[in-house]
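Undergrad: This is the structure I have questions about; it appears just below.
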Amino acid sequence: MKAKKNTRQRSEQIQQVSAGLRDVLGMTQWRKEHPKATWAEIEAAVDEQINQLRAQLIQDLVQLGEGENWSELPQEERPRCARCGKPLWARGEQTRYLQTNGGEAIKLTRTYGTCPQCGVGFFPPG
Ligand SMILES: [Zn+2]
């Protein structure tokens, strides 16, 4: 029973989000401009908007988990070298681009570290 209730709550929430997104993403306007759009055209238009939104959402969530800059942490709390276990030295931030399933690029900025002992560079797992 509990699972079913949760599903219904989520679906109400999704309906509200959808109604809001329709305007925010310009889809209400798009539909007015394309009154004879086919199912496939509507689906493609929604996919394009949602893929961009999806990429932004993923980027925001990933960065949220990596919000803290570990170069400011005391040595014992810093990420350690995977090979010898020494605390890493922070070497500034580096940006990477990843590709989502929807074909959008996601920009990730992470603190890059090197090991003072073996000199190996790492992006510590976030
Ligand atoms: Zn090392």
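Naming works like this for the structure tokens: A, B, ... for the chains as they're shown, residue 1 at the start of each chain, ligands 1 onward in shown order.
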Counting only C-alpha atoms and all ligand atoms, which residues of chain A sit at most 7 Å from some atom of ligand 1, and what is each one's closest atom pair with its distance in Å to one decimal, listed by chain and rising residue number, as a tab-separated table?

TA:
```
residue	atom	partner	partner_atom_place_in_ligand_line	distance
A:Cys81	CA	ligand 1	1 (Zn)	4.6
A:Ala82	CA	ligand 1	1 (Zn)	6.6
A:Arg83	CA	ligand 1	1 (Zn)	5.0
A:Cys84	CA	ligand 1	1 (Zn)	4.1
A:Gly85	CA	ligand 1	1 (Zn)	6.0
A:Lys86	CA	ligand 1	1 (Zn)	5.6
A:Cys115	CA	ligand 1	1 (Zn)	4.7
A:Pro116	CA	ligand 1	1 (Zn)	6.6
A:Gln117	CA	ligand 1	1 (Zn)	4.9
A:Cys118	CA	ligand 1	1 (Zn)	4.3
A:Gly119	CA	ligand 1	1 (Zn)	6.5
A:Val120	CA	ligand 1	1 (Zn)	6.4
```

Undergrad: Give me a file of those residues, with N, CA, C and O atoms, as a PDB file, in the first residue's frame.

TA:
```
ATOM      1  N   CYS A  81      46.585   8.834  -2.018  1.00  0.00           N
ATOM      2  CA  CYS A  81      47.124   8.189  -3.203  1.00  0.00           C
ATOM      3  C   CYS A  81      46.664   6.725  -3.231  1.00  0.00           C
ATOM      4  O   CYS A  81      46.761   6.017  -2.231  1.00  0.00           O
ATOM      5  N   ALA A  82      46.146   6.309  -4.378  1.00  0.00           N
ATOM      6  CA  ALA A  82      45.644   4.941  -4.503  1.00  0.00           C
ATOM      7  C   ALA A  82      46.793   3.932  -4.450  1.00  0.00           C
ATOM      8  O   ALA A  82      46.591   2.762  -4.159  1.00  0.00           O
ATOM      9  N   ARG A  83      48.010   4.389  -4.714  1.00  0.00           N
ATOM     10  CA  ARG A  83      49.152   3.466  -4.757  1.00  0.00           C
ATOM     11  C   ARG A  83      49.871   3.367  -3.403  1.00  0.00           C
ATOM     12  O   ARG A  83      50.083   2.277  -2.900  1.00  0.00           O
ATOM     13  N   CYS A  84      50.204   4.524  -2.783  1.00  0.00           N
ATOM     14  CA  CYS A  84      50.995   4.458  -1.554  1.00  0.00           C
ATOM     15  C   CYS A  84      50.269   4.988  -0.321  1.00  0.00           C
ATOM     16  O   CYS A  84      50.761   4.855   0.793  1.00  0.00           O
ATOM     17  N   GLY A  85      49.107   5.612  -0.478  1.00  0.00           N
ATOM     18  CA  GLY A  85      48.320   6.046   0.663  1.00  0.00           C
ATOM     19  C   GLY A  85      48.698   7.409   1.239  1.00  0.00           C
ATOM     20  O   GLY A  85      48.141   7.829   2.248  1.00  0.00           O
ATOM     21  N   LYS A  86      49.621   8.107   0.604  1.00  0.00           N
ATOM     22  CA  LYS A  86      49.972   9.463   1.075  1.00  0.00           C
ATOM     23  C   LYS A  86      48.850  10.440   0.733  1.00  0.00           C
ATOM     24  O   LYS A  86      48.222  10.304  -0.320  1.00  0.00           O
ATOM     25  N   CYS A 115      50.324  12.902  -6.036  1.00  0.00           N
ATOM     26  CA  CYS A 115      50.939  12.284  -4.874  1.00  0.00           C
ATOM     27  C   CYS A 115      52.351  12.829  -4.694  1.00  0.00           C
ATOM     28  O   CYS A 115      53.131  12.827  -5.643  1.00  0.00           O
ATOM     29  N   PRO A 116      52.680  13.322  -3.475  1.00  0.00           N
ATOM     30  CA  PRO A 116      54.021  13.865  -3.235  1.00  0.00           C
ATOM     31  C   PRO A 116      55.097  12.769  -3.304  1.00  0.00           C
ATOM     32  O   PRO A 116      56.253  13.067  -3.549  1.00  0.00           O
ATOM     33  N   GLN A 117      54.687  11.524  -3.087  1.00  0.00           N
ATOM     34  CA  GLN A 117      55.658  10.424  -3.076  1.00  0.00           C
ATOM     35  C   GLN A 117      55.904   9.841  -4.478  1.00  0.00           C
ATOM     36  O   GLN A 117      57.026   9.788  -4.936  1.00  0.00           O
ATOM     37  N   CYS A 118      54.808   9.416  -5.140  1.00  0.00           N
ATOM     38  CA  CYS A 118      55.031   8.797  -6.455  1.00  0.00           C
ATOM     39  C   CYS A 118      54.730   9.712  -7.630  1.00  0.00           C
ATOM     40  O   CYS A 118      54.959   9.323  -8.770  1.00  0.00           O
ATOM     41  N   GLY A 119      54.196  10.908  -7.340  1.00  0.00           N
ATOM     42  CA  GLY A 119      54.024  11.872  -8.424  1.00  0.00           C
ATOM     43  C   GLY A 119      52.869  11.576  -9.367  1.00  0.00           C
ATOM     44  O   GLY A 119      52.703  12.244 -10.375  1.00  0.00           O
ATOM     45  N   VAL A 120      52.052  10.583  -9.015  1.00  0.00           N
ATOM     46  CA  VAL A 120      50.922  10.233  -9.864  1.00  0.00           C
ATOM     47  C   VAL A 120      49.801  11.249  -9.682  1.00  0.00           C
ATOM     48  O   VAL A 120      49.589  11.739  -8.567  1.00  0.00           O
TER      49      VAL A 120
END
```

Undergrad: Name the closest residue to A:Asn101 among the candidates A:Ala19, A:Leu88, A:Ile42, A:Ile58; distances are taken between atoms, counting only C-alpha atoms.

TA: A:Ile58

Undergrad: With only C-alpha atoms as the atoms that count, which of A:Thr28, A:Gln52, A:Gln9, A:Ser71 lies nearest to A:Thr114?

TA: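 Checking each of A:Thr28, A:Gln52, A:Gln9, A:Ser71 against A:Thr114, counting only C-alpha atoms, the winner is A:Ser71.
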
Undergrad: Between A:Ala37, A:Ala105, A:Ala44, A:Ile50, which one has atoms that come closest to A:Val24, using only C-alpha atoms?

TA: A:Ile50

Undergrad: Which residues are near A:Pro74? Cut-off 12 Å, only C-alpha atoms, ignore same chain within fewer than 3 positions. Put them as a PyMOL selection string.

TA: chain A and resi 69-71+77-79+87-90

Undergrad: Residues of chain A classed as helix (DSSP H, G or I) by DSSP on the backbone are to be reported as a count of residues only.

TA: 63

Undergrad: If you measure from atom CA of A:Arg96 to atom CA of A:Thr111, what distance in Å do you get, rounded to one decimal?

TA: 11.0 Å

Undergrad: Determine which residues of chain A DSSP labels as strand (DSSP E) from the backbone of this structure, then write them out as a list in words.

TA: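 Restricting chain A to strand (DSSP E) produces Trp89, Ala90, Arg91, Gly92, Glu93, Gln94, Thr95, Arg96, Tyr97, Leu98, Gln99, Ala105, Ile106, Lys107, Leu108, Thr109, Arg110, Thr111, Tyr112, Gly113, Thr114, Gly121 and Phe122 of chain A.
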
Undergrad: Quick one, how far is atom CA of A:Lys107 from atom CA of A:Asp47?

TA: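 It comes out at 20.1 Å.
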
Undergrad: Would you work out the distance separating atom CA of A:Gln63 from atom CA of A:Ser18, expressed in Å to one decimal?

TA: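 Spanning atom CA of A:Gln63 to atom CA of A:Ser18 is a straight-line distance of 24.7 Å.
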
Undergrad: A:Leu53, A:Ala40, A:Leu64, A:Leu73: which is nearest A:Thr100, counting only C-alpha atoms?

TA: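 Closest to A:Thr100 of all the choices is A:Leu53.
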
Undergrad: Fewer than 6 positions away in the same chain doesn't count, so skip those; otherwise give me all residues within 12 Å of A:Leu98, counting only C-alpha atoms, as a PDB file with N, CA and C atoms, in the first residue's frame.

TA:
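Result file follows (result_25.pdb):
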```pdb
ATOM      1  N   ALA A  55      20.804  17.075 -18.785  1.00  0.00           N
ATOM      2  CA  ALA A  55      22.242  17.294 -18.667  1.00  0.00           C
ATOM      3  C   ALA A  55      22.552  18.313 -17.575  1.00  0.00           C
ATOM      4  N   GLN A  56      21.742  19.380 -17.533  1.00  0.00           N
ATOM      5  CA  GLN A  56      21.945  20.416 -16.522  1.00  0.00           C
ATOM      6  C   GLN A  56      21.704  19.856 -15.124  1.00  0.00           C
ATOM      7  N   ILE A  58      21.937  16.701 -14.131  1.00  0.00           N
ATOM      8  CA  ILE A  58      23.023  15.791 -13.765  1.00  0.00           C
ATOM      9  C   ILE A  58      24.258  16.593 -13.349  1.00  0.00           C
ATOM     10  N   GLN A  59      24.572  17.625 -14.150  1.00  0.00           N
ATOM     11  CA  GLN A  59      25.735  18.464 -13.839  1.00  0.00           C
ATOM     12  C   GLN A  59      25.596  19.102 -12.458  1.00  0.00           C
ATOM     13  N   VAL A  62      25.984  16.380  -9.685  1.00  0.00           N
ATOM     14  CA  VAL A  62      27.359  15.906  -9.529  1.00  0.00           C
ATOM     15  C   VAL A  62      28.191  16.966  -8.812  1.00  0.00           C
ATOM     16  N   GLU A 104      23.975  15.255 -24.719  1.00  0.00           N
ATOM     17  CA  GLU A 104      24.394  16.572 -24.252  1.00  0.00           C
ATOM     18  C   GLU A 104      25.721  16.463 -23.505  1.00  0.00           C
ATOM     19  N   ALA A 105      26.505  17.537 -23.546  1.00  0.00           N
ATOM     20  CA  ALA A 105      27.770  17.550 -22.817  1.00  0.00           C
ATOM     21  C   ALA A 105      27.543  18.048 -21.397  1.00  0.00           C
ATOM     22  N   ILE A 106      28.220  17.421 -20.442  1.00  0.00           N
ATOM     23  CA  ILE A 106      28.167  17.863 -19.056  1.00  0.00           C
ATOM     24  C   ILE A 106      29.552  18.338 -18.668  1.00  0.00           C
ATOM     25  N   LYS A 107      29.613  19.512 -18.068  1.00  0.00           N
ATOM     26  CA  LYS A 107      30.884  20.089 -17.654  1.00  0.00           C
ATOM     27  C   LYS A 107      31.120  19.784 -16.180  1.00  0.00           C
ATOM     28  N   LEU A 108      32.230  19.175 -15.878  1.00  0.00           N
ATOM     29  CA  LEU A 108      32.570  18.867 -14.492  1.00  0.00           C
ATOM     30  C   LEU A 108      33.880  19.549 -14.109  1.00  0.00           C
ATOM     31  N   THR A 109      33.840  20.244 -12.977  1.00  0.00           N
ATOM     32  CA  THR A 109      35.061  20.852 -12.472  1.00  0.00           C
ATOM     33  C   THR A 109      35.444  20.158 -11.176  1.00  0.00           C
TER      34      THR A 109
END
```
